[in-house]
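Inspection log for the structure reproduced underneath, given as structure tokens.
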Amino acid sequence: MEALGGVFAIFGVIIVPLIVIVGLIKPQIFSNVLQREVGRKAIGIWGVVISVACIAIGGALLPPVEETDTQKPQATTANKTATEDTKVEVANNESVEIDNPVVNQDKKDEVKEVVVTEDTSITDEPLADFGVTPQQFVNKYNGMIKEVDKNWIINYTDNGNKTVNFAPMPNSASLIGTLADNGKLRGIILGLSGGGNSQDNLQLIAISLATANAVKPPASKEEVAKVVTKLITDAVNNEGKSQGHTIGNVRYAVLFAPSLGGLIVTIDAK
């Protein structure tokens with residue numbers, strides 16, 4: 001039963017999404033197989049239904065996984081303990097001790113002028129990032145992509161302007177990363193044109209899913225694959241309108257714009 005559950009899970013997470021994305025890019029493949037006209041909307045809807053059903057059946061057949069509760073950081077009590085004595089700086093450089101929270105009236109009369117200093121310096125908030133360097137992204141990406149084809153592994157080149165290029169990529173795809181000040185990735189831009197043969201389309205699908213998971217979102221690969229597949233389906237069915245979804249600190253967005261070359265997938269840290 002475990003083996004059968006694994007088969008259903010693989011179909012729901014990998015096989016069905018791959019088939020759906022191929023159908024969205026080239027719906028005529030389904031029309032030729034079924035001997036009737038099949039639209040992108042029907043392919044997307046039935047693909048999501050079948051994928052969710054396979055994942056549900058696979059999850060029911062697989063043995064339960066014991067989860068351990070992660071230890072939550074305990075709040076410090078330092079900020080709960082008020083200082084018993086407060087010192088007020090006066091103009092004549094003398095310090096007067098007062099009892100908190102009520103100031104002794106006799107000592108209050110001695111205070112001539114309270115000197116208040118305020119830090120008016122402005123500091124820029126650091127840009128959010130995924131918590132992974134370009135090399136860590138490459139390692140995670142290659143670990144997943146080589147399960148499909150080991151010849152599709154990539155490396156990266158630093159452009160020197162807080163951007164990196166990931167290569168090699170097929171002619172119908174481009175993958176660019178943007179960096180935060182600390183050198184870690186804060187954004188990904190993936191361009192997919194499609195229109196190639198079935199092998200090319202399979203590679204584009206694998207690139208999409210591997211990229212979406214390589215930024216280490218706080219979710220399982222199954223959940224990320226389901227989100228990305230739905231975003232691509234919705235984007236194709238709503239040409240020119242960006243479709244977005246946030247998982248933890250990771251924001252996914254997909255835009256289908258044939259005038260710009262096809263699908264544009266952006267992943268940003270929040």
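Chain identifiers are assigned as A, B, and so on, following the order in which chains appear in the structure tokens; residues are numbered from 1 within each chain, and ligands are numbered from 1 in order of appearance.
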Excluding range 142-154 of chain A and any residue of its chain fewer than 6 positions from it, enumerate the residues within 12 Å of it, using only C-alpha atoms, and give them as a PyMOL selection string.
chain A and resi 14-15+18+134-136+165-170+174-175+199-200+202-214+221
Separation of CA of Thr133 in chain A from CA of Asn155 in chain A, in Å and rounded to one decimal
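CA of Asn155 in chain A lies at a distance of 12.4 Å from CA of Thr133 in chain A.
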What does the distance between CA of Leu190 in chain A and CA of Val48 in chain A come to in Å, to one decimal place?
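Distance reported for this atom pair: 22.3 Å.
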In Å to one decimal, how far is CA of Val20 in chain A from CA of Gly177 in chain A?
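Separating CA of Gly177 in chain A from CA of Val20 in chain A is a distance of 26.6 Å.
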Using only C-alpha atoms, which protein or nucleic acid residues come within 10 Å of Asn237 in chain A? Drop anything in the same chain fewer than 5 positions from it, and give the result as a ChimeraX atom specification.
/A:24,39-42,44,231-232,256
Create the file for the chosen residues now, containing N, CA and C atoms and written as a PDB file, in the first residue's frame.
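Resulting contents of out-v8.pdb:
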```pdb
ATOM      1  N   LEU A  24      -1.339  23.384 -21.431  1.00  0.00           N
ATOM      2  CA  LEU A  24      -1.614  24.815 -21.451  1.00  0.00           C
ATOM      3  C   LEU A  24      -0.777  25.525 -22.507  1.00  0.00           C
ATOM      4  N   GLY A  39     -10.053  23.093 -24.804  1.00  0.00           N
ATOM      5  CA  GLY A  39      -9.552  24.423 -24.465  1.00  0.00           C
ATOM      6  C   GLY A  39      -8.593  24.412 -23.279  1.00  0.00           C
ATOM      7  N   ARG A  40      -7.845  25.498 -23.130  1.00  0.00           N
ATOM      8  CA  ARG A  40      -6.891  25.607 -22.015  1.00  0.00           C
ATOM      9  C   ARG A  40      -7.609  25.581 -20.670  1.00  0.00           C
ATOM     10  N   LYS A  41      -8.787  26.205 -20.597  1.00  0.00           N
ATOM     11  CA  LYS A  41      -9.517  26.263 -19.330  1.00  0.00           C
ATOM     12  C   LYS A  41      -9.893  24.875 -18.857  1.00  0.00           C
ATOM     13  N   ALA A  42     -10.381  24.039 -19.784  1.00  0.00           N
ATOM     14  CA  ALA A  42     -10.758  22.671 -19.414  1.00  0.00           C
ATOM     15  C   ALA A  42      -9.544  21.870 -18.970  1.00  0.00           C
ATOM     16  N   GLY A  44      -6.785  23.060 -17.634  1.00  0.00           N
ATOM     17  CA  GLY A  44      -6.346  23.542 -16.317  1.00  0.00           C
ATOM     18  C   GLY A  44      -7.231  23.041 -15.191  1.00  0.00           C
ATOM     19  N   LEU A 231      -1.195  28.824 -10.423  1.00  0.00           N
ATOM     20  CA  LEU A 231      -0.885  30.168 -10.880  1.00  0.00           C
ATOM     21  C   LEU A 231      -0.676  30.199 -12.392  1.00  0.00           C
ATOM     22  N   ILE A 232       0.033  29.200 -12.919  1.00  0.00           N
ATOM     23  CA  ILE A 232       0.266  29.144 -14.364  1.00  0.00           C
ATOM     24  C   ILE A 232      -1.048  28.940 -15.098  1.00  0.00           C
ATOM     25  N   PHE A 256       1.034  35.817 -17.996  1.00  0.00           N
ATOM     26  CA  PHE A 256       1.076  35.261 -19.345  1.00  0.00           C
ATOM     27  C   PHE A 256       0.897  36.410 -20.324  1.00  0.00           C
TER      28      PHE A 256
END
```
Pull the closest atom pair for each residue of range 125-232 of chain A that gets at most 10 Å from range 51-56 of chain A, along with the distance in Å to one decimal, counting only C-alpha atoms, ordering rows by chain and then ascending residue number, as a Markdown table.
```
| residue | atom | partner | partner_atom | distance |
| --- | --- | --- | --- | --- |
| A:Glu222 | CA | A:Ile55 | CA | 8.3 |
| A:Lys226 | CA | A:Ser51 | CA | 8.0 |
| A:Thr229 | CA | A:Ser51 | CA | 9.8 |
```
Exercise: Ala257 in chain A partners within 9 Å, only C-alpha atoms, chain neighbours under 3 positions left out, as a list in words:
Ala235, Val236, Glu239, Gly240, Lys241, Leu260, Gly261, Gly262, Leu263 and Ile264 of chain A
Which residue of A:Asn249, A:Val254, A:Ile43, A:Lys184 approaches Val227 in chain A most closely, using only C-alpha atoms:
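Nearest to Val227 in chain A: A:Val254.
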Restricting the calculation to only C-alpha atoms: of A:Leu255, A:Ile267, A:Val132, A:Val224, which residue gets closest to Ile176 in chain A?
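The closest residue to Ile176 in chain A is A:Ile267.
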Going by DSSP on the backbone, which residues of range 132-232 of chain A come out as alpha helix (DSSP H)? List them as number ranges by chain.
A: 134-145, 198-214, 221-232
Pick from A:Asp234, A:Ile247, A:Asn139, A:Phe130 nearest to Ala219 in chain A, counting only C-alpha atoms
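Ranked by minimum distance to Ala219 in chain A, first place goes to A:Ile247.
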